[in-house]
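Structure record follows, encoded as structure tokens.
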2 protein chains.
Amino acid sequence: MIRIGIVDDKRNNRIILADKLRRNNLFDIRLEAANGEQFLHKMMELKFDERPEIVLMDLEMPVMDGIVTIAAGSSLYPGTRYVVLTIFDDDDRIFNAIKAGACGYLLKEESGDIIADILMNLWKNGAGPISPSIAYKILQMIQNPPPAKPLSGAQKSENLFQLSEREKEILRFLCQGLEYKEIAEKLSISANTVKKHVINIYDKLHVNNKARALHIAYTKNLL
Amino acid sequence: MIRIGIVDDKRNNRIILADKLRRNNLFDIRLEAANGEQFLHKMMELKFDERPEIVLMDLEMPVMDGIVTIAAGSSLYPGTRYVVLTIFDDDDRIFNAIKAGACGYLLKEESGDIIADILMNLWKNGAGPISPSIAYKILQMIQNPPPAKPLSGAQKSENLFQLSEREKEILRFLCQGLEYKEIAEKLSISANTVKKHVINIYDKLHVNNKARALHIAYTKNLL
DNA sequence: AAAAAAACTATCCAAATGGATTATTGATGA
DNA sequence: TCATCAATAATCCATTTGGATAGTTTTTTT
């Protein structure tokens with residue numbers, strides 16, 4: 001049984017999808033959530049070996065958008081793979097999702113059998129479902145790297161989490177292991193302010209402690 | 001009819017592949033070569049509209065290696081697309097081949113039908129053929145760009161800090177943002193013990209807080 | 001000029017962390 | 001066999017952190 005998570009804001013969609021998957025006895029729906037916030041929260045509460053191995057993620061959601069959710073989730077819980085589920089075959093969004101850490105995408109209309117097939121394949125071979133047009137975009141990206149960028153691996157991830165300049169600055173200090181009051185001194189502000197910034201950063205990254213924030217910072221190149 | 005070229009040093013491979021392709025009447029094998037040198041020579045002798053539109057290129061060849069051949073060929077004859085055919089799916093070579101100008105990458109074991117399908121698709125849509133498992137590898141390369149390796153030799157920073165197995169284990173949990181008692185639970189030991197280990201880790205890394213320890217862990221690949 | 005974001009400051013409180021010290025057990029090695 | 005070391009565990013104590021809440025002041029945008 002493959003442990004599956006479903007994130008979609010429409011309750012009906014979740015039910016339909018869960019039904020499709022339950023039809024053959026290969027999938028165990030372990031987690032349902034109506035938005036990213038809820039999803040991350042539920043993931044946190046699950047033990048490692050209870051977390052879904054594959055999460056089907058809707059992109060069009062209120063509260064916390066699917067791409068941000070994948071970015072945060074794939075950093076925090078690398079044992080889980082994310083497959084985008086969407087009604088639109090919109091290359092750009094899917095491409096962004098993939099950069100955020102998704103390993104494939106599926107259209108919602110696909111039949112239960114096809115979805116089941118693809119998920120099985122993902123689980124067995126680690127090969128995610130990727131449409132030819134997406135694969136081609138990826139290729140082009142490698143062959144023609146975006147202009148005026150150093151070809152060294154580090155590319156700035158485009159402010160996926162909407163951190164302000166000040167927040168990024170403080171995140172960098174955090175990564176260096178400075179304490180609130182040390183950062184405060186460096187910036188000539190109060191330690192209370194630093195703390196407030198840090199809490200705001202945690203909110204934006206959807207985490208609740210320094211280690212997790214740094215984990216995202218390092219793995220998503222936020223520095 | 002799509003004009004095809006096949007470059008492989010094993011005569012037998014060329015024959016098998018040509019047979020696979022000839023089975024349906026879509027492909028016209030125009031050029032065969034046993035190595036890069038020979039391939040480029042034959043290309044030169046052909047008129048523009050006789051040259052293959054797609055070349056299937058083995059990588060493992062004597063005299064002139066497939067990657068160099070693609071690099072040269074794609075410069076000299078941009079009207080021809082190159083698809084790498086190989087038995088190995090080794091990340092570095094894929095990456096190099098693609099940088100050299102290959103527009104797709106196929107494993108030799110793929111069935112004739114699949115190869116035919118993919119080539120047709122390449123011809124019609126310009127979308128390069130990529131086996132799912134290869135596509136996934138490319139994805140991963142994009143998602144985790146290989147860290148620009150700083151120095152030669154001692155890449156395998158073999159336990160530079162002399163951490164014990166237990167300590168490394170605990171360091172990994174720390175990086176995931178777990179607290180002492182969560183780690184304690186996972187390992188079925190006391191939180192006090194975890195704390196002791198953490199302090200020992202700090203000693204070995206010569207740091208005095210979590211953020212600095214994680215900084216070293218991430219930047220020195222201790223995970 | 002008004003409204004909306006960012007940045008700044010503060011206080012209270014609970015929880016987590018770090019440091020130092022002491023002690024038992026089992027495994028490894030000289 | 002004796003010494004050492006890794007792993008285990010506990011206690012005391014000060015400091016740091018996380019969370020909630022409530023403000024003020026700049027800056028930016030509309």
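Chains: A, B, ... in order of the structure tokens. Residues: from 1 per chain. Ligands: from 1, in order shown.
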Give me the residues of chain C that have any atom at most 12 Å from an atom of chain B; for each, the nearest atom pair and the distance in Å, rounded to one decimal. Use only C-alpha atoms (C1' of nucleotides), sort by chain and number, and format it as a Markdown table.
| residue | atom | partner | partner_atom | distance |
| --- | --- | --- | --- | --- |
| C:DA15 | C1' | B:Glu179 | CA | 11.1 |
| C:DA16 | C1' | B:Glu179 | CA | 7.9 |
| C:DT17 | C1' | B:Asn209 | CA | 8.4 |
| C:DG18 | C1' | B:Asn209 | CA | 7.5 |
| C:DG19 | C1' | B:Ile199 | CA | 8.4 |
| C:DA20 | C1' | B:Ile199 | CA | 11.0 |
| C:DT21 | C1' | B:Lys196 | CA | 11.9 |
Requested in this report: Find the residues in chain D near chain B: any atom within 10 Å counts, using only C-alpha atoms (C1' of nucleotides). Write them as a ChimeraX atom specification.
Outcome: /D:6-10
For all heavy atoms, I'd like the residues from the last selection saved as a short mmCIF file (atom, residue, chain, number, x, y, z; two decimals), in the first residue's frame.
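Output saved as part_38.cif:
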data_model
loop_
_atom_site.label_atom_id
_atom_site.label_comp_id
_atom_site.auth_asym_id
_atom_site.auth_seq_id
_atom_site.Cartn_x
_atom_site.Cartn_y
_atom_site.Cartn_z
P DA D 6 34.74 8.17 21.99
OP1 DA D 6 35.41 8.69 20.78
OP2 DA D 6 34.47 9.07 23.14
"O5'" DA D 6 33.36 7.50 21.56
"C5'" DA D 6 33.34 6.15 21.12
"C4'" DA D 6 31.96 5.59 21.39
"O4'" DA D 6 31.90 5.08 22.75
"C3'" DA D 6 30.84 6.63 21.25
"O3'" DA D 6 29.79 6.05 20.50
"C2'" DA D 6 30.42 6.91 22.69
"C1'" DA D 6 30.80 5.64 23.43
N9 DA D 6 31.24 5.88 24.81
C8 DA D 6 32.09 6.85 25.27
N7 DA D 6 32.29 6.81 26.56
C5 DA D 6 31.52 5.73 26.99
C6 DA D 6 31.31 5.15 28.25
N6 DA D 6 31.88 5.62 29.37
N1 DA D 6 30.49 4.09 28.32
C2 DA D 6 29.92 3.63 27.20
N3 DA D 6 30.05 4.08 25.94
C4 DA D 6 30.87 5.15 25.91
P DA D 7 28.46 6.90 20.19
OP1 DA D 7 27.94 6.41 18.90
OP2 DA D 7 28.74 8.33 20.39
"O5'" DA D 7 27.46 6.42 21.33
"C5'" DA D 7 27.19 5.04 21.47
"C4'" DA D 7 26.31 4.84 22.68
"O4'" DA D 7 27.10 5.02 23.88
"C3'" DA D 7 25.15 5.85 22.77
"O3'" DA D 7 23.93 5.13 22.83
"C2'" DA D 7 25.43 6.62 24.06
"C1'" DA D 7 26.30 5.66 24.84
N9 DA D 7 27.19 6.32 25.79
C8 DA D 7 28.04 7.37 25.56
N7 DA D 7 28.71 7.76 26.62
C5 DA D 7 28.26 6.91 27.62
C6 DA D 7 28.58 6.80 28.99
N6 DA D 7 29.46 7.59 29.59
N1 DA D 7 27.95 5.84 29.69
C2 DA D 7 27.08 5.04 29.07
N3 DA D 7 26.70 5.04 27.80
C4 DA D 7 27.33 6.01 27.12
P DT D 8 22.56 5.93 22.96
OP1 DT D 8 21.55 5.03 22.33
OP2 DT D 8 22.72 7.32 22.50
"O5'" DT D 8 22.29 5.96 24.52
"C5'" DT D 8 22.01 4.78 25.23
"C4'" DT D 8 22.06 5.01 26.71
"O4'" DT D 8 23.35 5.55 27.07
"C3'" DT D 8 21.07 6.06 27.24
"O3'" DT D 8 19.88 5.43 27.63
"C2'" DT D 8 21.80 6.65 28.45
"C1'" DT D 8 23.22 6.15 28.33
N1 DT D 8 24.22 7.24 28.42
C2 DT D 8 24.80 7.49 29.64
O2 DT D 8 24.54 6.86 30.65
N3 DT D 8 25.72 8.53 29.65
C4 DT D 8 26.09 9.31 28.57
O4 DT D 8 26.91 10.20 28.70
C5 DT D 8 25.45 8.99 27.32
C7 DT D 8 25.77 9.77 26.08
C6 DT D 8 24.55 7.99 27.31
P DA D 9 18.62 6.35 27.94
OP1 DA D 9 17.52 5.42 28.27
OP2 DA D 9 18.46 7.31 26.84
"O5'" DA D 9 19.02 7.14 29.26
"C5'" DA D 9 19.18 6.44 30.49
"C4'" DA D 9 19.54 7.43 31.59
"O4'" DA D 9 20.86 7.96 31.35
"C3'" DA D 9 18.64 8.66 31.65
"O3'" DA D 9 17.71 8.48 32.70
"C2'" DA D 9 19.60 9.82 31.93
"C1'" DA D 9 20.95 9.15 32.08
N9 DA D 9 22.08 9.92 31.54
C8 DA D 9 22.36 10.19 30.22
N7 DA D 9 23.45 10.92 30.05
C5 DA D 9 23.90 11.13 31.35
C6 DA D 9 25.01 11.84 31.86
N6 DA D 9 25.89 12.48 31.09
N1 DA D 9 25.17 11.86 33.21
C2 DA D 9 24.29 11.22 33.97
N3 DA D 9 23.21 10.52 33.61
C4 DA D 9 23.08 10.52 32.28
P DA D 10 16.58 9.56 32.96
OP1 DA D 10 15.46 8.85 33.62
OP2 DA D 10 16.36 10.34 31.74
"O5'" DA D 10 17.24 10.54 34.06
"C5'" DA D 10 17.92 9.97 35.16
"C4'" DA D 10 18.64 11.07 35.94
"O4'" DA D 10 19.87 11.39 35.25
"C3'" DA D 10 17.86 12.37 36.04
"O3'" DA D 10 17.47 12.60 37.38
"C2'" DA D 10 18.82 13.45 35.59
"C1'" DA D 10 20.16 12.75 35.48
N9 DA D 10 20.94 13.23 34.34
C8 DA D 10 20.62 13.16 33.01
N7 DA D 10 21.51 13.69 32.22
C5 DA D 10 22.48 14.17 33.08
C6 DA D 10 23.69 14.86 32.87
N6 DA D 10 24.13 15.20 31.67
N1 DA D 10 24.41 15.19 33.97
C2 DA D 10 23.95 14.85 35.17
N3 DA D 10 22.84 14.20 35.51
C4 DA D 10 22.14 13.89 34.40
#
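Excluding range 38-41 of chain A itself and same-chain residues fewer than 3 positions from it, the residues having an atom within 10 Å of it are Gly5, Ile6, Val7, Asp8, Leu31, Glu32, Ala33, Ala34, Asn35, Met44, Glu45, Leu46, Val55, Met57, Val63, Met64, Thr69, Ile70, Ala72, Gly73, Leu76, Tyr77, His206 and Val207 of chain A, counting only C-alpha atoms (C1' of nucleotides).
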Query raised in the report: Which is closer to chain B than all the others in A:Leu171, A:Leu222, A:Ile118, A:Cys103, using only C-alpha atoms?
Result: A:Cys103
Report task. Tell me which protein, DNA and RNA residues are within 12 Å of Ala217 in chain A, counting only C-alpha atoms (C1' of nucleotides), leaving out same-chain ones fewer than 4 positions away, and put them as a PyMOL selection string. Result -> (chain A and resi 71-72+75-76+156-157+159-161+163+167-176+201-202+204-205+207+210-213+221-223) or (chain B and resi 175+211+214-215+218)
Any chance you could export the current selection's N, CA and C atoms as a CSV table (one decimal), in the first residue's frame?
chain,number,residue,atom,x,y,z
A,71,ALA,N,7.2,24.0,-2.1
A,71,ALA,CA,8.5,24.5,-1.8
A,71,ALA,C,8.8,24.2,-0.3
A,72,ALA,N,7.9,24.6,0.6
A,72,ALA,CA,8.1,24.3,2.0
A,72,ALA,C,8.2,22.8,2.3
A,75,SER,N,11.2,20.8,1.2
A,75,SER,CA,12.4,21.0,2.1
A,75,SER,C,12.2,20.2,3.4
A,76,LEU,N,11.1,20.4,4.0
A,76,LEU,CA,10.9,19.9,5.4
A,76,LEU,C,10.7,18.4,5.4
A,156,LYS,N,19.5,32.4,-7.7
A,156,LYS,CA,18.7,32.9,-6.7
A,156,LYS,C,17.2,32.5,-6.9
A,157,SER,N,16.7,31.8,-6.0
A,157,SER,CA,15.3,31.4,-6.2
A,157,SER,C,14.4,32.7,-6.1
A,159,ASN,N,12.4,34.8,-4.8
A,159,ASN,CA,11.6,35.3,-3.7
A,159,ASN,C,10.3,34.5,-3.6
A,160,LEU,N,10.4,33.2,-3.6
A,160,LEU,CA,9.2,32.4,-3.5
A,160,LEU,C,8.4,32.7,-2.3
A,161,PHE,N,9.1,33.1,-1.2
A,161,PHE,CA,8.4,33.2,0.1
A,161,PHE,C,8.1,34.7,0.4
A,163,LEU,N,9.9,37.2,1.2
A,163,LEU,CA,10.6,37.8,2.3
A,163,LEU,C,11.0,39.2,1.9
A,167,GLU,N,14.1,41.1,6.1
A,167,GLU,CA,14.0,39.7,6.5
A,167,GLU,C,15.1,38.8,6.0
A,168,LYS,N,15.4,39.0,4.7
A,168,LYS,CA,16.5,38.2,4.1
A,168,LYS,C,17.8,38.4,4.8
A,169,GLU,N,18.0,39.7,5.1
A,169,GLU,CA,19.2,40.1,5.8
A,169,GLU,C,19.3,39.4,7.2
A,170,ILE,N,18.2,39.4,7.9
A,170,ILE,CA,18.2,38.8,9.2
A,170,ILE,C,18.3,37.2,9.1
A,171,LEU,N,17.7,36.7,8.0
A,171,LEU,CA,17.8,35.2,7.8
A,171,LEU,C,19.3,34.9,7.6
A,172,ARG,N,20.0,35.7,6.9
A,172,ARG,CA,21.4,35.4,6.7
A,172,ARG,C,22.2,35.4,8.0
A,173,PHE,N,21.9,36.4,8.8
A,173,PHE,CA,22.6,36.4,10.1
A,173,PHE,C,22.2,35.1,10.9
A,174,LEU,N,21.0,34.8,10.9
A,174,LEU,CA,20.5,33.6,11.6
A,174,LEU,C,21.4,32.4,11.2
A,175,CYS,N,21.6,32.3,9.9
A,175,CYS,CA,22.3,31.1,9.3
A,175,CYS,C,23.7,31.1,9.8
A,176,GLN,N,24.2,32.3,10.1
A,176,GLN,CA,25.6,32.4,10.6
A,176,GLN,C,25.7,32.0,12.1
A,201,ILE,N,9.5,35.9,9.7
A,201,ILE,CA,10.1,35.0,8.7
A,201,ILE,C,9.5,33.6,8.9
A,202,TYR,N,9.4,33.1,10.1
A,202,TYR,CA,8.9,31.8,10.4
A,202,TYR,C,7.5,31.7,9.7
A,204,LYS,N,6.2,33.3,7.2
A,204,LYS,CA,6.3,33.3,5.8
A,204,LYS,C,6.8,31.9,5.3
A,205,LEU,N,7.7,31.3,6.0
A,205,LEU,CA,8.3,30.0,5.6
A,205,LEU,C,7.4,28.8,6.2
A,207,VAL,N,7.2,27.7,9.2
A,207,VAL,CA,7.9,26.8,10.2
A,207,VAL,C,7.7,27.4,11.6
A,210,LYS,N,14.0,27.6,14.5
A,210,LYS,CA,15.2,28.1,13.7
A,210,LYS,C,15.7,27.0,12.8
A,211,ALA,N,15.8,25.8,13.3
A,211,ALA,CA,16.4,24.7,12.5
A,211,ALA,C,15.6,24.5,11.2
A,212,ARG,N,14.3,24.5,11.3
A,212,ARG,CA,13.5,24.3,10.1
A,212,ARG,C,13.6,25.5,9.1
A,213,ALA,N,13.7,26.7,9.7
A,213,ALA,CA,13.9,27.8,8.8
A,213,ALA,C,15.2,27.8,8.1
A,221,ASN,N,18.1,27.8,-1.4
A,221,ASN,CA,19.0,28.9,-1.8
A,221,ASN,C,18.4,30.2,-1.4
A,222,LEU,N,18.0,30.4,-0.2
A,222,LEU,CA,17.5,31.7,0.1
A,222,LEU,C,18.6,32.7,0.6
A,223,LEU,N,19.8,32.3,0.4
A,223,LEU,CA,20.9,33.1,1.0
A,223,LEU,C,21.6,33.8,-0.2
B,175,CYS,N,19.0,18.8,11.9
B,175,CYS,CA,18.8,19.6,10.6
B,175,CYS,C,17.4,19.5,10.2
B,211,ALA,N,22.4,26.7,15.3
B,211,ALA,CA,22.5,27.3,14.0
B,211,ALA,C,23.9,27.2,13.4
B,214,LEU,N,24.4,23.6,12.4
B,214,LEU,CA,23.7,23.3,11.1
B,214,LEU,C,24.5,23.9,9.9
B,215,HIS,N,25.0,25.1,10.2
B,215,HIS,CA,25.7,25.8,9.1
B,215,HIS,C,26.9,24.9,8.6
B,218,TYR,N,25.5,21.8,6.8
B,218,TYR,CA,25.1,22.0,5.4
B,218,TYR,C,26.3,22.3,4.5
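Using only C-alpha atoms, the smallest distance between any of A:Asp203, A:Glu60, A:Asp19, A:Asp49 and chain B comes from A:Asp49.
Relative to CA of Glu182 in chain A, C1' of DT15 in chain D is found at 13.7 Å.
CA of Val68 in chain A is found 22.1 Å from CA of Arg3 in chain A.
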